[in-house]
Amino acid sequence: MAPPPSPTALPFSEAIRTLKAVAPGDTTSALDLVLLSKLAASVNVNSLRGRAFLPHDASSAKKKETIVVFAEGELAEQARQEGADIIGGKELIDEIISGRIQPTKIIAAPDQLANITRSTLPRLLGPKGLMPSAKRGTVTSEISKAIREAKGGLDWLADSADKGMVSVPIARVTFTEDQIKTNLVGFAKQVEDVLNGVGTQAQVNTSAAGAKKKMGAIEKVYLSTSKSFSVEVTDFQQMLGH
């Protein structure tokens, strides 16, 4: 659900100072970002998704990524060398469906994709933004590169229950104001690229095959921590250079 109208609306610098003041000494909490976008009526909310690379890693040291790679032979060996958590072929499908394996990232060699698509696994992975895709670089023969990117990438997607809302941990409370700003602006611009039909992840089919169209625009930005209220950032458009 979208955050309720915030009782506090401040310019970015004041918002950061306020949020840090609410949780003095907090060294573990994430600083969460919510982007509210107005989407064109014809746009499927599932089109609003992507993978962002933040200048400053915002993941928690306590969070354990589980990278699953569907690959065999030489590509499986590449995955092992890069430190993938689980590697295998079609036998992994039932393990994921049953919940015995709970991946946070999935990469597939091209020859493994048919096994995945013929199963019921896409119904489970799709809503979670985990379905391997060539456009997103997660169906590839360059397994080593994909794993390195998966370790540093932030997968995001719009909330299916609230069309146009994207929520991600954008920083840690301990980050400096400049680090938070760099991450926020960098992430928001990557979301804007998708909304503007820029890049391979942003392609949206229209009446002309393969054409692109503007999907919508970011309207509001909120920041919060687990120990604070939500603060609307009033000058985010200027921060994005608009």
# chains A, B, ... in the order shown; residues from 1 in each chain; ligands from 1

call {"tool": "residues_around", "arguments": {"residues": "segment 132-149 of chain A", "least_positions_apart": "4", "cutoff": "8 Å", "atoms": "only C-alpha atoms", "output": "VMD selection string"}}
result
chain A and resid 50 to 51 67 75 78 to 79 82 84 106 to 110 113 153 200 to 201

call {"tool": "write_last_selection", "arguments": {"atoms": "C-alpha atoms", "output": "PDB file, in the first residue's frame"}}
result
ATOM      1  CA  GLY A  50      14.414  -3.457 -13.296  1.00  0.00           C
ATOM      2  CA  ARG A  51      17.802  -3.950 -11.714  1.00  0.00           C
ATOM      3  CA  ILE A  67      22.096 -16.914  -5.847  1.00  0.00           C
ATOM      4  CA  LEU A  75      29.077 -22.822 -17.261  1.00  0.00           C
ATOM      5  CA  GLN A  78      32.129 -20.815 -13.883  1.00  0.00           C
ATOM      6  CA  ALA A  79      29.279 -20.428 -11.411  1.00  0.00           C
ATOM      7  CA  GLU A  82      32.234 -17.104  -8.822  1.00  0.00           C
ATOM      8  CA  ALA A  84      27.095 -19.033  -6.612  1.00  0.00           C
ATOM      9  CA  ILE A 106      18.293 -16.594 -10.263  1.00  0.00           C
ATOM     10  CA  ILE A 107      20.533 -16.869 -13.317  1.00  0.00           C
ATOM     11  CA  ALA A 108      20.062 -19.369 -16.141  1.00  0.00           C
ATOM     12  CA  ALA A 109      22.230 -20.538 -19.001  1.00  0.00           C
ATOM     13  CA  PRO A 110      20.330 -20.264 -22.331  1.00  0.00           C
ATOM     14  CA  LEU A 113      15.505 -21.728 -19.947  1.00  0.00           C
ATOM     15  CA  GLY A 153      22.484  -5.328  -8.131  1.00  0.00           C
ATOM     16  CA  THR A 200      16.292  -2.756 -22.970  1.00  0.00           C
ATOM     17  CA  GLN A 201      14.426  -3.186 -19.699  1.00  0.00           C
TER      18      GLN A 201
END

call {"tool": "residues_around", "arguments": {"residues": "segment 173-178 of chain A", "least_positions_apart": "2", "cutoff": "10 Å", "atoms": "only C-alpha atoms", "output": "list of chain:residue names"}}
result
A:Phe12, A:Ser13, A:Ile16, A:Arg17, A:Leu19, A:Lys20, A:Ala23, A:Pro24, A:Gly25, A:Asp26, A:Thr27, A:Thr28, A:Ser29, A:Ala30, A:Leu31, A:Asp32, A:His56, A:Ala58, A:Ile170, A:Ala171, A:Ile180, A:Lys181, A:Thr182, A:Asn183, A:Leu184, A:Ser224, A:Thr225

call {"tool": "select_by_dssp", "arguments": {"residues": "segment 163-194 of chain A", "states": "alpha helix (DSSP H)", "output": "JSON, numbers by chain"}}
result
{"A": [177, 178, 179, 180, 181, 182, 183, 184, 185, 186, 187, 188, 189, 190, 191, 192, 193, 194]}

call {"tool": "closest_residue", "arguments": {"among": "A:Ile87, A:Lys227, A:Ala41, A:Phe53", "to": "Lys189 of chain A", "atoms": "only C-alpha atoms"}}
result
A:Phe53

call {"tool": "atom_distance", "arguments": {"atom1": "atom CA of Met165 of chain A", "atom2": "atom CA of Met239 of chain A"}}
result
19.4 Å

call {"tool": "atom_distance", "arguments": {"atom1": "atom CA of Glu95 of chain A", "atom2": "atom CA of Asn115 of chain A"}}
result
13.8 Å

call {"tool": "closest_residue", "arguments": {"among": "A:Ile116, A:Val34, A:Leu124, A:Ala76", "to": "Gly164 of chain A", "atoms": "only C-alpha atoms"}}
result
A:Val34

call {"tool": "select_by_dssp", "arguments": {"residues": "segment 78-240 of chain A", "states": "strand (DSSP E)", "output": "VMD selection string"}}
result
chain A and resid 86 to 88 105 to 108 154 to 157 165 to 172 216 to 225 231 to 233

call {"tool": "write_last_selection", "arguments": {"atoms": "N, CA and C atoms", "output": "mmCIF file, in the first residue's frame"}}
result
data_model
loop_
_atom_site.group_PDB
_atom_site.id
_atom_site.type_symbol
_atom_site.label_atom_id
_atom_site.label_comp_id
_atom_site.auth_asym_id
_atom_site.auth_seq_id
_atom_site.Cartn_x
_atom_site.Cartn_y
_atom_site.Cartn_z
ATOM 1 N N ILE A 86 23.862 -22.045 -5.160
ATOM 2 C CA ILE A 86 23.270 -23.316 -5.584
ATOM 3 C C ILE A 86 23.359 -23.400 -7.091
ATOM 4 N N ILE A 87 23.840 -24.520 -7.600
ATOM 5 C CA ILE A 87 24.048 -24.703 -9.039
ATOM 6 C C ILE A 87 23.467 -26.048 -9.444
ATOM 7 N N GLY A 88 22.755 -26.070 -10.546
ATOM 8 C CA GLY A 88 22.205 -27.335 -11.014
ATOM 9 C C GLY A 88 21.356 -27.155 -12.253
ATOM 10 N N LYS A 105 18.212 -14.384 -6.018
ATOM 11 C CA LYS A 105 18.593 -14.073 -7.395
ATOM 12 C C LYS A 105 18.667 -15.396 -8.167
ATOM 13 N N ILE A 106 18.217 -15.394 -9.432
ATOM 14 C CA ILE A 106 18.293 -16.594 -10.263
ATOM 15 C C ILE A 106 18.913 -16.228 -11.611
ATOM 16 N N ILE A 107 19.863 -17.026 -12.020
ATOM 17 C CA ILE A 107 20.533 -16.869 -13.317
ATOM 18 C C ILE A 107 20.407 -18.195 -14.053
ATOM 19 N N ALA A 108 20.204 -18.135 -15.368
ATOM 20 C CA ALA A 108 20.062 -19.369 -16.141
ATOM 21 C C ALA A 108 20.892 -19.310 -17.409
ATOM 22 N N LEU A 154 20.440 -4.354 -7.335
ATOM 23 C CA LEU A 154 19.229 -4.244 -6.529
ATOM 24 C C LEU A 154 18.025 -4.441 -7.447
ATOM 25 N N ASP A 155 17.377 -5.599 -7.346
ATOM 26 C CA ASP A 155 16.182 -5.847 -8.153
ATOM 27 C C ASP A 155 15.000 -5.104 -7.553
ATOM 28 N N TRP A 156 14.237 -4.438 -8.400
ATOM 29 C CA TRP A 156 13.081 -3.683 -7.909
ATOM 30 C C TRP A 156 11.909 -3.897 -8.853
ATOM 31 N N LEU A 157 10.713 -3.737 -8.339
ATOM 32 C CA LEU A 157 9.509 -3.823 -9.153
ATOM 33 C C LEU A 157 8.391 -3.074 -8.447
ATOM 34 N N MET A 165 3.841 2.191 -7.295
ATOM 35 C CA MET A 165 4.681 2.395 -6.118
ATOM 36 C C MET A 165 5.881 1.466 -6.159
ATOM 37 N N VAL A 166 7.062 2.037 -5.957
ATOM 38 C CA VAL A 166 8.294 1.261 -5.875
ATOM 39 C C VAL A 166 8.931 1.554 -4.521
ATOM 40 N N SER A 167 9.256 0.502 -3.769
ATOM 41 C CA SER A 167 9.835 0.667 -2.436
ATOM 42 C C SER A 167 11.125 -0.140 -2.340
ATOM 43 N N VAL A 168 12.226 0.525 -1.951
ATOM 44 C CA VAL A 168 13.516 -0.157 -1.834
ATOM 45 C C VAL A 168 14.318 0.435 -0.673
ATOM 46 N N PRO A 169 15.223 -0.362 -0.087
ATOM 47 C CA PRO A 169 16.191 0.211 0.868
ATOM 48 C C PRO A 169 17.251 0.951 0.061
ATOM 49 N N ILE A 170 17.305 2.259 0.195
ATOM 50 C CA ILE A 170 18.171 3.073 -0.663
ATOM 51 C C ILE A 170 19.523 3.371 -0.020
ATOM 52 N N ALA A 171 19.606 3.228 1.308
ATOM 53 C CA ALA A 171 20.851 3.541 2.011
ATOM 54 C C ALA A 171 20.773 2.946 3.412
ATOM 55 N N ARG A 172 21.833 3.129 4.176
ATOM 56 C CA ARG A 172 21.840 2.807 5.598
ATOM 57 C C ARG A 172 21.790 4.120 6.362
ATOM 58 N N GLY A 216 5.007 6.642 -17.775
ATOM 59 C CA GLY A 216 4.508 7.458 -16.681
ATOM 60 C C GLY A 216 5.593 8.352 -16.137
ATOM 61 N N ALA A 217 5.405 8.832 -14.916
ATOM 62 C CA ALA A 217 6.373 9.739 -14.311
ATOM 63 C C ALA A 217 6.330 9.609 -12.797
ATOM 64 N N ILE A 218 7.481 9.842 -12.158
ATOM 65 C CA ILE A 218 7.545 9.846 -10.699
ATOM 66 C C ILE A 218 6.862 11.113 -10.196
ATOM 67 N N GLU A 219 5.953 10.952 -9.251
ATOM 68 C CA GLU A 219 5.213 12.102 -8.726
ATOM 69 C C GLU A 219 5.661 12.514 -7.338
ATOM 70 N N LYS A 220 5.942 11.531 -6.460
ATOM 71 C CA LYS A 220 6.326 11.861 -5.101
ATOM 72 C C LYS A 220 7.410 10.909 -4.611
ATOM 73 N N VAL A 221 8.199 11.397 -3.663
ATOM 74 C CA VAL A 221 9.275 10.609 -3.071
ATOM 75 C C VAL A 221 9.182 10.722 -1.552
ATOM 76 N N TYR A 222 9.277 9.561 -0.879
ATOM 77 C CA TYR A 222 9.239 9.528 0.585
ATOM 78 C C TYR A 222 10.470 8.792 1.113
ATOM 79 N N LEU A 223 10.959 9.214 2.273
ATOM 80 C CA LEU A 223 12.048 8.535 2.965
ATOM 81 C C LEU A 223 11.601 8.203 4.385
ATOM 82 N N SER A 224 12.072 7.075 4.888
ATOM 83 C CA SER A 224 11.743 6.692 6.257
ATOM 84 C C SER A 224 12.753 5.664 6.742
ATOM 85 N N THR A 225 12.745 5.404 8.045
ATOM 86 C CA THR A 225 13.485 4.284 8.615
ATOM 87 C C THR A 225 12.491 3.440 9.392
ATOM 88 N N VAL A 231 8.827 10.802 5.576
ATOM 89 C CA VAL A 231 9.022 12.211 5.242
ATOM 90 C C VAL A 231 8.981 12.373 3.728
ATOM 91 N N GLU A 232 8.102 13.241 3.244
ATOM 92 C CA GLU A 232 8.061 13.524 1.814
ATOM 93 C C GLU A 232 9.190 14.483 1.459
ATOM 94 N N VAL A 233 9.921 14.160 0.405
ATOM 95 C CA VAL A 233 11.032 15.010 -0.059
ATOM 96 C C VAL A 233 10.478 15.992 -1.086
#

call {"tool": "closest_residue", "arguments": {"among": "A:Gly197, A:Gly83, A:Pro103, A:Gly129", "to": "Lys64 of chain A", "atoms": "only C-alpha atoms"}}
result
A:Pro103

call {"tool": "closest_residue", "arguments": {"among": "A:Gly73, A:Ala114, A:Thr104, A:Ser226", "to": "Lys90 of chain A", "atoms": "only C-alpha atoms"}}
result
A:Ala114

call {"tool": "atom_distance", "arguments": {"atom1": "atom CA of Leu39 of chain A", "atom2": "atom CA of Lys214 of chain A"}}
result
8.9 Å
